[in-house]
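Structure file start.pdb with PDB, C-alpha atoms:
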```pdb
ATOM      1  CA  MET A   1     161.933 162.064  84.058
ATOM      2  CA  ILE A   2     158.327 160.866  84.039
ATOM      3  CA  GLN A   3     156.098 162.490  81.441
ATOM      4  CA  VAL A   4     152.298 162.484  81.743
ATOM      5  CA  ALA A   5     150.229 163.201  78.635
ATOM      6  CA  PRO A   6     146.655 162.597  77.459
ATOM      7  CA  VAL A   7     145.826 159.493  75.476
ATOM      8  CA  ALA A   8     145.918 160.439  71.804
ATOM      9  CA  GLY A   9     144.874 158.026  69.111
ATOM     10  CA  GLU A  10     144.198 154.324  68.781
ATOM     11  CA  ALA A  11     147.686 153.166  69.756
ATOM     12  CA  ASP A  12     147.548 155.128  73.021
ATOM     13  CA  GLU A  13     144.063 153.764  73.746
ATOM     14  CA  GLN A  14     145.457 150.251  73.593
ATOM     15  CA  LEU A  15     148.507 151.148  75.710
ATOM     16  CA  SER A  16     146.258 152.653  78.382
ATOM     17  CA  LEU A  17     144.005 149.598  78.352
ATOM     18  CA  ASP A  18     147.014 147.264  78.531
ATOM     19  CA  ALA A  19     148.313 149.047  81.641
ATOM     20  CA  TYR A  20     144.868 148.852  83.221
ATOM     21  CA  LEU A  21     144.402 145.150  82.505
ATOM     22  CA  GLU A  22     147.896 144.332  83.739
ATOM     23  CA  THR A  23     146.896 145.955  87.030
ATOM     24  CA  TRP A  24     143.361 144.469  87.019
ATOM     25  CA  PRO A  25     143.951 141.088  85.279
ATOM     26  CA  HIS A  26     140.567 139.786  86.465
ATOM     27  CA  GLU A  27     138.800 142.363  84.276
ATOM     28  CA  SER A  28     138.185 141.817  80.566
ATOM     29  CA  PHE A  29     137.088 144.294  77.917
ATOM     30  CA  GLY A  30     138.430 145.841  74.755
ATOM     31  CA  VAL A  31     138.914 149.260  73.196
ATOM     32  CA  PRO A  32     135.338 149.315  71.743
ATOM     33  CA  GLU A  33     133.918 149.084  75.259
ATOM     34  CA  VAL A  34     136.317 151.796  76.481
ATOM     35  CA  LEU A  35     135.267 154.182  73.703
ATOM     36  CA  ALA A  36     131.577 153.537  74.368
ATOM     37  CA  PHE A  37     132.122 154.160  78.087
ATOM     38  CA  LYS A  38     133.844 157.474  77.364
ATOM     39  CA  ALA A  39     131.042 158.530  75.035
ATOM     40  CA  GLY A  40     128.563 158.314  77.908
ATOM     41  CA  LEU A  41     130.543 160.588  80.243
ATOM     42  CA  LEU A  42     130.130 164.301  80.866
ATOM     43  CA  ASP A  43     133.884 164.737  80.886
ATOM     44  CA  HIS A  44     136.983 162.638  81.430
ATOM     45  CA  ALA A  45     140.755 162.585  81.596
ATOM     46  CA  ASP A  46     142.715 159.643  80.201
ATOM     47  CA  LEU A  47     146.429 159.936  80.857
ATOM     48  CA  LEU A  48     149.569 157.877  80.228
ATOM     49  CA  ALA A  49     152.743 158.110  82.301
ATOM     50  CA  ARG A  50     155.944 157.347  80.380
ATOM     51  CA  GLN A  51     159.628 157.303  81.141
ATOM     52  CA  ASP A  52     162.125 157.019  78.292
ATOM     53  CA  GLY A  53     159.285 155.952  76.027
ATOM     54  CA  VAL A  54     158.144 153.126  78.310
ATOM     55  CA  VAL A  55     154.566 153.230  79.625
ATOM     56  CA  LEU A  56     154.599 153.031  83.432
ATOM     57  CA  GLY A  57     150.872 153.346  84.051
ATOM     58  CA  CYS A  58     147.654 155.146  83.245
ATOM     59  CA  GLY A  59     145.261 157.434  85.058
ATOM     60  CA  PHE A  60     141.578 157.882  84.321
ATOM     61  CA  ALA A  61     139.084 160.340  85.777
ATOM     62  CA  ALA A  62     135.395 160.180  84.866
ATOM     63  CA  LEU A  63     132.529 162.602  85.431
ATOM     64  CA  PHE A  64     129.229 160.762  85.105
ATOM     65  CA  PRO A  65     126.027 162.563  84.023
ATOM     66  CA  GLY A  66     124.312 161.538  87.252
ATOM     67  CA  LEU A  67     127.201 162.616  89.504
ATOM     68  CA  PRO A  68     128.664 165.748  87.896
ATOM     69  CA  GLU A  69     130.577 166.869  90.995
ATOM     70  CA  SER A  70     132.124 163.520  91.973
ATOM     71  CA  PRO A  71     134.978 162.473  89.661
ATOM     72  CA  ARG A  72     135.734 158.759  89.842
ATOM     73  CA  VAL A  73     139.434 158.047  89.482
ATOM     74  CA  MET A  74     141.506 154.981  88.684
ATOM     75  CA  ILE A  75     145.290 155.187  88.782
ATOM     76  CA  THR A  76     146.648 151.898  87.492
ATOM     77  CA  VAL A  77     150.356 151.213  87.670
ATOM     78  CA  PRO A  78     151.247 147.554  87.007
ATOM     79  CA  PRO A  79     153.129 145.918  89.905
ATOM     80  CA  GLY A  80     156.372 145.703  87.934
ATOM     81  CA  GLN A  81     156.436 149.472  87.355
ATOM     82  CA  ARG A  82     155.678 150.633  90.885
ATOM     83  CA  GLY A  83     158.024 152.626  93.089
ATOM     84  CA  ARG A  84     159.239 154.866  90.267
ATOM     85  CA  GLY A  85     156.886 157.830  90.833
ATOM     86  CA  ALA A  86     154.328 157.149  88.102
ATOM     87  CA  GLY A  87     151.399 156.939  90.523
ATOM     88  CA  THR A  88     152.332 160.232  92.153
ATOM     89  CA  ALA A  89     152.725 161.938  88.776
ATOM     90  CA  LEU A  90     149.336 160.668  87.576
ATOM     91  CA  TYR A  91     147.634 161.686  90.828
ATOM     92  CA  SER A  92     149.065 165.180  90.487
ATOM     93  CA  ALA A  93     147.950 165.488  86.855
ATOM     94  CA  ILE A  94     144.420 164.255  87.599
ATOM     95  CA  SER A  95     144.229 166.670  90.535
ATOM     96  CA  ASP A  96     145.139 169.523  88.193
ATOM     97  CA  TRP A  97     142.389 168.388  85.810
ATOM     98  CA  ALA A  98     139.871 168.330  88.672
ATOM     99  CA  ARG A  99     141.013 171.707  90.024
ATOM    100  CA  GLU A 100     140.468 173.297  86.600
ATOM    101  CA  ARG A 101     136.840 172.143  86.845
ATOM    102  CA  GLU A 102     136.458 173.508  90.391
ATOM    103  CA  LEU A 103     136.126 170.013  91.851
ATOM    104  CA  GLU A 104     137.348 169.507  95.385
ATOM    105  CA  THR A 105     137.557 165.755  96.071
ATOM    106  CA  LEU A 106     138.190 162.520  94.188
ATOM    107  CA  GLU A 107     136.587 159.094  94.456
ATOM    108  CA  ALA A 108     139.266 156.465  93.888
ATOM    109  CA  VAL A 109     138.475 152.880  92.863
ATOM    110  CA  LEU A 110     140.876 150.081  93.836
ATOM    111  CA  ALA A 111     140.861 146.309  93.594
ATOM    112  CA  ASP A 112     140.342 144.913  97.099
ATOM    113  CA  ASN A 113     143.272 142.487  96.703
ATOM    114  CA  ASP A 114     145.822 145.264  96.113
ATOM    115  CA  PRO A 115     147.174 146.402  99.501
ATOM    116  CA  ASP A 116     149.961 148.440  97.876
ATOM    117  CA  SER A 117     147.459 150.653  96.047
ATOM    118  CA  LEU A 118     145.385 150.995  99.211
ATOM    119  CA  ALA A 119     148.455 152.101 101.166
ATOM    120  CA  PHE A 120     149.350 154.568  98.375
ATOM    121  CA  ALA A 121     145.874 156.131  98.623
ATOM    122  CA  GLU A 122     145.752 156.200 102.417
ATOM    123  CA  ARG A 123     149.105 157.973 102.603
ATOM    124  CA  ARG A 124     147.539 160.739 100.531
ATOM    125  CA  GLY A 125     144.532 161.175 102.773
ATOM    126  CA  PHE A 126     142.006 158.856 101.141
ATOM    127  CA  ALA A 127     139.566 156.926 103.334
ATOM    128  CA  LYS A 128     137.302 154.011 102.456
ATOM    129  CA  GLU A 129     133.665 154.904 101.761
ATOM    130  CA  ARG A 130     132.303 151.557 100.612
ATOM    131  CA  HIS A 131     133.235 148.086  99.484
ATOM    132  CA  GLU A 132     131.778 146.072  96.621
ATOM    133  CA  LYS A 133     132.374 142.373  97.237
ATOM    134  CA  GLY A 134     133.252 140.323  94.175
ATOM    135  CA  VAL A 135     131.852 136.891  93.333
ATOM    136  CA  ALA A 136     132.219 134.481  90.427
ATOM    137  CA  LEU A 137     130.298 131.441  89.202
ATOM    138  CA  ASN A 138     132.100 128.566  87.462
ATOM    139  CA  LEU A 139     129.583 127.465  84.850
ATOM    140  CA  THR A 140     131.585 124.368  83.932
ATOM    141  CA  ALA A 141     130.982 122.932  87.407
ATOM    142  CA  ILE A 142     127.213 123.463  87.779
ATOM    143  CA  GLU A 143     123.891 122.658  86.185
ATOM    144  CA  PRO A 144     121.648 125.686  85.591
ATOM    145  CA  PRO A 145     118.999 126.213  88.280
ATOM    146  CA  PRO A 146     115.332 125.996  87.248
ATOM    147  CA  VAL A 147     113.602 129.174  86.141
ATOM    148  CA  GLU A 148     110.520 129.338  88.358
ATOM    149  CA  PRO A 149     108.863 132.771  88.284
ATOM    150  CA  PRO A 150     105.804 133.391  90.476
ATOM    151  CA  GLN A 151     102.342 132.853  89.065
ATOM    152  CA  GLY A 152     101.395 135.484  86.529
ATOM    153  CA  VAL A 153     105.008 136.435  85.736
ATOM    154  CA  GLU A 154     106.898 135.342  82.616
ATOM    155  CA  ILE A 155     110.636 135.594  81.936
ATOM    156  CA  VAL A 156     111.421 136.710  78.379
ATOM    157  CA  THR A 157     114.358 138.347  76.634
ATOM    158  CA  TRP A 158     114.350 141.947  75.487
ATOM    159  CA  ALA A 159     115.021 140.585  71.992
ATOM    160  CA  ASP A 160     111.645 138.824  72.220
ATOM    161  CA  ARG A 161     109.852 141.952  73.449
ATOM    162  CA  PRO A 162     111.661 145.066  72.103
ATOM    163  CA  GLU A 163     108.599 147.198  72.851
ATOM    164  CA  LEU A 164     109.441 146.889  76.568
ATOM    165  CA  ALA A 165     112.236 149.489  76.373
ATOM    166  CA  ARG A 166     110.175 152.154  78.169
ATOM    167  CA  GLY A 167     109.225 149.636  80.824
ATOM    168  CA  LEU A 168     112.878 148.785  81.419
ATOM    169  CA  PHE A 169     113.637 152.479  81.754
ATOM    170  CA  GLU A 170     110.892 152.874  84.359
ATOM    171  CA  ILE A 171     112.387 149.979  86.337
ATOM    172  CA  SER A 172     115.819 151.576  86.198
ATOM    173  CA  VAL A 173     114.506 154.970  87.357
ATOM    174  CA  GLU A 174     112.646 153.405  90.294
ATOM    175  CA  THR A 175     115.326 150.987  91.449
ATOM    176  CA  SER A 176     118.578 152.916  90.905
ATOM    177  CA  PRO A 177     118.259 154.891  94.188
ATOM    178  CA  ASP A 178     117.934 151.564  96.036
ATOM    179  CA  VAL A 179     121.409 150.404  94.982
ATOM    180  CA  PRO A 180     123.842 151.042  97.871
ATOM    181  CA  GLY A 181     126.442 153.580  96.829
ATOM    182  CA  TYR A 182     124.297 155.099  94.075
ATOM    183  CA  GLU A 183     121.555 156.708  96.179
ATOM    184  CA  ASP A 184     122.440 160.242  95.069
ATOM    185  CA  GLU A 185     122.975 159.558  91.375
ATOM    186  CA  ARG A 186     120.650 161.460  89.037
ATOM    187  CA  HIS A 187     119.137 159.263  86.345
ATOM    188  CA  GLU A 188     119.717 160.013  82.676
ATOM    189  CA  PRO A 189     116.748 160.756  80.375
ATOM    190  CA  PHE A 190     115.349 157.875  78.340
ATOM    191  CA  GLU A 191     117.262 158.344  75.078
ATOM    192  CA  ALA A 192     120.629 158.829  76.785
ATOM    193  CA  TRP A 193     120.005 155.875  79.113
ATOM    194  CA  LEU A 194     119.051 153.674  76.173
ATOM    195  CA  GLU A 195     122.217 154.584  74.269
ATOM    196  CA  HIS A 196     124.659 154.429  77.155
ATOM    197  CA  ASP A 197     123.248 151.634  79.334
ATOM    198  CA  MET A 198     121.457 149.301  76.948
ATOM    199  CA  GLN A 199     122.937 149.620  73.457
ATOM    200  CA  GLY A 200     126.697 149.631  73.972
ATOM    201  CA  PRO A 201     129.129 147.120  72.433
ATOM    202  CA  GLY A 202     128.810 144.886  75.514
ATOM    203  CA  ASP A 203     124.994 144.889  75.505
ATOM    204  CA  ARG A 204     122.831 142.392  73.638
ATOM    205  CA  PRO A 205     119.002 142.251  73.723
ATOM    206  CA  GLU A 206     119.099 138.458  73.789
ATOM    207  CA  ALA A 207     121.282 138.656  76.922
ATOM    208  CA  THR A 208     118.842 140.979  78.707
ATOM    209  CA  PHE A 209     116.089 139.156  80.587
ATOM    210  CA  VAL A 210     112.787 140.726  81.558
ATOM    211  CA  ALA A 211     110.141 139.686  84.077
ATOM    212  CA  VAL A 212     106.741 140.516  82.604
ATOM    213  CA  ALA A 213     103.361 140.524  84.350
ATOM    214  CA  GLY A 214     100.749 140.964  81.639
ATOM    215  CA  ASP A 215     102.073 143.904  79.633
ATOM    216  CA  GLU A 216     104.093 145.372  82.509
ATOM    217  CA  ALA A 217     107.851 144.907  82.861
ATOM    218  CA  VAL A 218     108.397 144.402  86.595
ATOM    219  CA  GLY A 219     112.092 143.483  86.637
ATOM    220  CA  TYR A 220     115.089 142.891  84.422
ATOM    221  CA  ALA A 221     118.629 141.554  84.504
ATOM    222  CA  LYS A 222     121.315 142.166  81.920
ATOM    223  CA  PHE A 223     124.798 141.014  81.101
ATOM    224  CA  SER A 224     127.762 143.116  80.069
ATOM    225  CA  LEU A 225     129.715 141.094  77.506
ATOM    226  CA  SER A 226     133.345 141.490  76.482
ATOM    227  CA  SER A 227     134.878 141.704  73.021
ATOM    228  CA  THR A 228     138.085 140.160  74.371
ATOM    229  CA  ALA A 229     136.802 137.419  76.717
ATOM    230  CA  PRO A 230     134.060 135.503  74.888
ATOM    231  CA  ARG A 231     133.758 132.909  77.659
ATOM    232  CA  ARG A 232     133.203 135.374  80.517
ATOM    233  CA  ALA A 233     130.221 137.624  81.252
ATOM    234  CA  TYR A 234     129.552 140.244  83.904
ATOM    235  CA  HIS A 235     126.221 140.750  85.664
ATOM    236  CA  ASP A 236     125.539 144.409  84.986
ATOM    237  CA  LEU A 237     122.270 144.871  86.883
ATOM    238  CA  THR A 238     119.452 142.876  88.466
ATOM    239  CA  ALA A 239     116.479 145.104  89.291
ATOM    240  CA  VAL A 240     112.909 144.431  90.439
ATOM    241  CA  LYS A 241     110.209 147.029  91.069
ATOM    242  CA  ARG A 242     109.594 147.577  94.774
ATOM    243  CA  ALA A 243     105.990 146.312  94.706
ATOM    244  CA  TRP A 244     107.127 143.014  93.163
ATOM    245  CA  ARG A 245     110.030 142.161  95.464
ATOM    246  CA  GLY A 246     110.073 139.154  97.759
ATOM    247  CA  ARG A 247     108.382 136.846  95.238
ATOM    248  CA  GLY A 248     111.406 135.150  93.688
ATOM    249  CA  ILE A 249     111.598 137.322  90.566
ATOM    250  CA  ALA A 250     115.271 138.225  91.000
ATOM    251  CA  ARG A 251     116.121 134.527  91.443
ATOM    252  CA  SER A 252     114.165 133.644  88.283
ATOM    253  CA  LEU A 253     115.917 136.361  86.275
ATOM    254  CA  LYS A 254     119.326 135.234  87.460
ATOM    255  CA  ALA A 255     118.503 131.575  86.817
ATOM    256  CA  ALA A 256     117.511 132.503  83.258
ATOM    257  CA  GLN A 257     120.836 134.306  82.830
ATOM    258  CA  ILE A 258     122.803 131.321  84.103
ATOM    259  CA  GLY A 259     120.973 128.939  81.793
ATOM    260  CA  TRP A 260     121.466 131.202  78.765
ATOM    261  CA  ALA A 261     125.159 131.719  79.524
ATOM    262  CA  LYS A 262     125.870 128.004  79.903
ATOM    263  CA  ALA A 263     123.910 127.137  76.745
ATOM    264  CA  ASN A 264     125.921 129.745  74.814
ATOM    265  CA  GLY A 265     129.341 128.476  75.834
ATOM    266  CA  PHE A 266     130.228 130.855  78.638
ATOM    267  CA  GLU A 267     132.415 129.424  81.385
ATOM    268  CA  GLN A 268     132.373 132.090  84.091
ATOM    269  CA  LEU A 269     130.027 134.780  85.389
ATOM    270  CA  ARG A 270     131.267 137.610  87.573
ATOM    271  CA  THR A 271     129.727 140.480  89.501
ATOM    272  CA  THR A 272     130.219 142.790  92.460
ATOM    273  CA  ASN A 273     127.693 143.859  95.086
ATOM    274  CA  ASP A 274     127.995 146.443  97.807
ATOM    275  CA  GLU A 275     128.658 144.713 101.114
ATOM    276  CA  ARG A 276     125.404 146.245 102.436
ATOM    277  CA  ASN A 277     123.330 144.595  99.699
ATOM    278  CA  MET A 278     122.623 141.465 101.698
ATOM    279  CA  PRO A 279     119.586 140.218  99.700
ATOM    280  CA  MET A 280     121.575 140.007  96.450
ATOM    281  CA  ARG A 281     124.667 138.650  98.160
ATOM    282  CA  ARG A 282     122.605 135.881  99.770
ATOM    283  CA  LEU A 283     120.968 135.053  96.432
ATOM    284  CA  ASN A 284     124.329 134.820  94.704
ATOM    285  CA  GLU A 285     125.647 132.504  97.404
ATOM    286  CA  GLN A 286     122.581 130.260  97.127
ATOM    287  CA  LEU A 287     123.099 130.026  93.354
ATOM    288  CA  GLY A 288     126.709 128.890  93.776
ATOM    289  CA  TYR A 289     128.686 132.117  93.326
ATOM    290  CA  ARG A 290     131.913 132.155  95.318
ATOM    291  CA  PRO A 291     134.106 135.021  96.608
ATOM    292  CA  SER A 292     136.318 136.735  94.067
ATOM    293  CA  ILE A 293     138.072 140.075  93.655
ATOM    294  CA  GLY A 294     135.992 143.127  94.508
ATOM    295  CA  ARG A 295     136.376 146.890  94.580
ATOM    296  CA  LEU A 296     137.123 149.488  97.226
ATOM    297  CA  PHE A 297     135.784 153.024  96.829
ATOM    298  CA  LEU A 298     137.741 155.720  98.668
ATOM    299  CA  ARG A 299     137.247 159.471  98.991
ATOM    300  CA  GLY A 300     140.184 161.845  99.226
ATOM    301  CA  PRO A 301     141.692 165.244  98.468
ATOM    302  CA  LEU A 302     143.358 166.660  95.408
ATOM    303  CA  ALA A 303     147.140 166.556  95.404
TER     304      ALA A 303
END
```
Please go through the file and, once you have read it, give me the structure as structure tokens.
Amino acid sequence: MIQVAPVAGEADEQLSLDAYLETWPHESFGVPEVLAFKAGLLDHADLLARQDGVVLGCGFAALFPGLPESPRVMITVPPGQRGRGAGTALYSAISDWARERELETLEAVLADNDPDSLAFAERRGFAKERHEKGVALNLTAIEPPPVEPPQGVEIVTWADRPELARGLFEISVETSPDVPGYEDERHEPFEAWLEHDMQGPGDRPEATFVAVAGDEAVGYAKFSLSSTAPRRAYHDLTAVKRAWRGRGIARSLKAAQIGWAKANGFEQLRTTNDERNMPMRRLNEQLGYRPSIGRLFLRGPLA
């Protein structure tokens, strides 16, 4: 009989993460990043499915501060454990969790190279809402592009200019609604945003690049770094104020990131962009990023 129970303690945290990474082997992060992610949520469920003491998979549901009525769900059952009912048991348990909170639908996140998981979701009434295309850059095979900001704009790191924190927040507030898929997300207040988005275990001021015009921060780009994959970094966000777009600032920020990553021994950069975000997808292609694994976002009913 399959038993589903909440994650309890450090050992369970690692078991849940192991099941996730076995299902998403292209991802890379450790328990510190998981705990920091949970700390920034309104509410969450983190469940393990076991049979005879063996972990078959994990299920995670997250309620974000900006989207309190839209739980995002990941049910991750490694390929070798599928077909035994773990996914169904986790889906049922997460649905019960959502029902207790008077939530009516779930947003499921799947890797776009996992047709079995897609079929599992579609059989249960889920339909695709959006698709984030994945890309990766092999730093060992390229020379960093030149950093050429427009006249009057300088590229610095947040470590160089820590007083720019409020300016970065203003950029985030202005640009977040422009990101496809996040149009309806409510922005966190400054202190919560600073703690959750900029000061987690994967965030480093020297890996956050800022475009500055005079004393005004007009754009920024930051990495999310991993405690378990020191040679791989993830592009977390590239944002430019609306009045400053179309001048090459995003390219300059990304070029600065590439140069910093290569100089610091990183070998691969990864990111995902909504398929509708053509400006960023074109920029990535021009800089040498190539297709990789992305994410599907589906909406569906409770069990």
Separation of CA of Ala111 (chain A) from CA of Phe297 (chain A) in Å: 9.0 Å
Test item: the PyMOL selection byres ((chain A and resi 117) around 12) resolved as number ranges by chain: A: 23-24, 74-79, 82-83, 87-88, 108-116, 118-124, 126, 295-298
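A straight line drawn from CA of Asn277 (chain A) to CA of Pro180 (chain A) is 6.7 Å long.
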Expanded to explicit residues, what is the PyMOL selection byres ((chain A and resi 223) around 7) for this file, as a short mmCIF file (atom, residue, chain, number, x, y, z; two decimals) with C-alpha atoms, in the coordinates of the input?
```
data_model
loop_
_atom_site.label_atom_id
_atom_site.label_comp_id
_atom_site.auth_asym_id
_atom_site.auth_seq_id
_atom_site.Cartn_x
_atom_site.Cartn_y
_atom_site.Cartn_z
CA ASP A 203 124.99 144.89 75.50
CA ALA A 207 121.28 138.66 76.92
CA THR A 208 118.84 140.98 78.71
CA LYS A 222 121.32 142.17 81.92
CA SER A 224 127.76 143.12 80.07
CA LEU A 225 129.72 141.09 77.51
CA ALA A 233 130.22 137.62 81.25
CA TYR A 234 129.55 140.24 83.90
CA HIS A 235 126.22 140.75 85.66
CA ASP A 236 125.54 144.41 84.99
#
```
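Near Pro205 (chain A), within 12 Å and counting all atoms listed in the file, sit Val156, Thr157, Trp158, Ala159, Asp160, Arg161, Pro162, Glu163, Leu164, Ala165, Leu168, Leu194, Asp197, Met198, Gln199, Gly200, Val210, Tyr220, Ala221, Lys222, Phe223, Ser224 and Leu225 of chain A; same-chain residues fewer than 5 positions away were not included.
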Write the residues you've just listed into a file as a CSV table (one decimal), in the coordinates of the input, and include C-alpha atoms for each of them.
```
chain,number,residue,atom,x,y,z
A,156,VAL,CA,111.4,136.7,78.4
A,157,THR,CA,114.4,138.3,76.6
A,158,TRP,CA,114.4,141.9,75.5
A,159,ALA,CA,115.0,140.6,72.0
A,160,ASP,CA,111.6,138.8,72.2
A,161,ARG,CA,109.9,142.0,73.4
A,162,PRO,CA,111.7,145.1,72.1
A,163,GLU,CA,108.6,147.2,72.9
A,164,LEU,CA,109.4,146.9,76.6
A,165,ALA,CA,112.2,149.5,76.4
A,168,LEU,CA,112.9,148.8,81.4
A,194,LEU,CA,119.1,153.7,76.2
A,197,ASP,CA,123.2,151.6,79.3
A,198,MET,CA,121.5,149.3,76.9
A,199,GLN,CA,122.9,149.6,73.5
A,200,GLY,CA,126.7,149.6,74.0
A,210,VAL,CA,112.8,140.7,81.6
A,220,TYR,CA,115.1,142.9,84.4
A,221,ALA,CA,118.6,141.6,84.5
A,222,LYS,CA,121.3,142.2,81.9
A,223,PHE,CA,124.8,141.0,81.1
A,224,SER,CA,127.8,143.1,80.1
A,225,LEU,CA,129.7,141.1,77.5
```
Neighbour residues at most 10 Å from (135.4, 148.8, 75.7) (only C-alpha atoms) as JSON, numbers by chain: {"A": [17, 28, 29, 30, 31, 32, 33, 34, 35, 36, 37, 38, 200, 201, 202, 225, 226, 227, 228]}
Answer key for the PyMOL selection byres ((chain A and resi 262) around 12), residues as a PyMOL selection string: chain A and resi 137-145+207+231-233+255-261+263-269
Once 4 Å is added on each side, what centre and edge lengths in Å to one decimal does the axis-aligned box around all listed atoms of region 84-101 of chain A have, as lines of an AutoDock Vina configuration file?
```
center_x = 148.0
center_y = 164.1
center_z = 89.0
size_x = 30.4
size_y = 26.4
size_z = 14.3
```
Atomic distance CA of Ala61 (chain A) - CA of Arg270 (chain A), expressed in Å with one decimal: 24.1 Å
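Using all atoms listed in the file, the shortest contact distance between Lys133 (chain A) and any of A:Ile293, A:Val73, A:Ala11, A:Leu302 is found at A:Ile293.
Closest approach to Met280 (chain A) among A:Val240, A:Glu10, A:Gly57, A:Gln151 is made by A:Val240 (distances from only C-alpha atoms).
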Where atoms are absent from region 24-35 of chain A, fill them in so it carries N, CA, C and O atoms, then output it as a short mmCIF file (atom, residue, chain, number, x, y, z; two decimals), in the frame of the given file.
```
data_model
loop_
_atom_site.label_atom_id
_atom_site.label_comp_id
_atom_site.auth_asym_id
_atom_site.auth_seq_id
_atom_site.Cartn_x
_atom_site.Cartn_y
_atom_site.Cartn_z
N TRP A 24 144.64 145.13 86.69
CA TRP A 24 143.36 144.47 87.02
C TRP A 24 143.19 143.25 86.10
O TRP A 24 142.30 143.24 85.24
N PRO A 25 144.00 142.21 86.23
CA PRO A 25 143.95 141.09 85.28
C PRO A 25 142.65 140.30 85.32
O PRO A 25 142.38 139.52 84.41
N HIS A 26 141.86 140.48 86.38
CA HIS A 26 140.57 139.79 86.46
C HIS A 26 139.49 140.46 85.63
O HIS A 26 138.40 139.91 85.46
N GLU A 27 139.76 141.67 85.13
CA GLU A 27 138.80 142.36 84.28
C GLU A 27 139.03 141.95 82.82
O GLU A 27 140.08 141.44 82.46
N SER A 28 138.03 142.18 81.98
CA SER A 28 138.18 141.82 80.57
C SER A 28 137.26 142.66 79.71
O SER A 28 136.04 142.54 79.79
N PHE A 29 137.83 143.55 78.92
CA PHE A 29 137.09 144.29 77.92
C PHE A 29 138.08 144.87 76.94
O PHE A 29 139.30 144.87 77.17
N GLY A 30 137.57 145.34 75.81
CA GLY A 30 138.43 145.84 74.76
C GLY A 30 138.24 147.32 74.50
O GLY A 30 137.43 147.99 75.15
N VAL A 31 138.99 147.84 73.53
CA VAL A 31 138.91 149.26 73.20
C VAL A 31 137.50 149.69 72.80
O VAL A 31 137.06 150.79 73.17
N PRO A 32 136.71 148.87 72.06
CA PRO A 32 135.34 149.32 71.74
C PRO A 32 134.53 149.64 72.98
O PRO A 32 133.77 150.62 73.00
N GLU A 33 134.66 148.82 74.03
CA GLU A 33 133.92 149.08 75.26
C GLU A 33 134.42 150.35 75.94
O GLU A 33 133.65 151.13 76.50
N VAL A 34 135.74 150.58 75.89
CA VAL A 34 136.32 151.80 76.48
C VAL A 34 135.76 153.03 75.78
O VAL A 34 135.35 154.01 76.43
N LEU A 35 135.74 153.02 74.46
CA LEU A 35 135.27 154.18 73.70
C LEU A 35 133.78 154.44 73.96
O LEU A 35 133.35 155.59 74.08
#
```
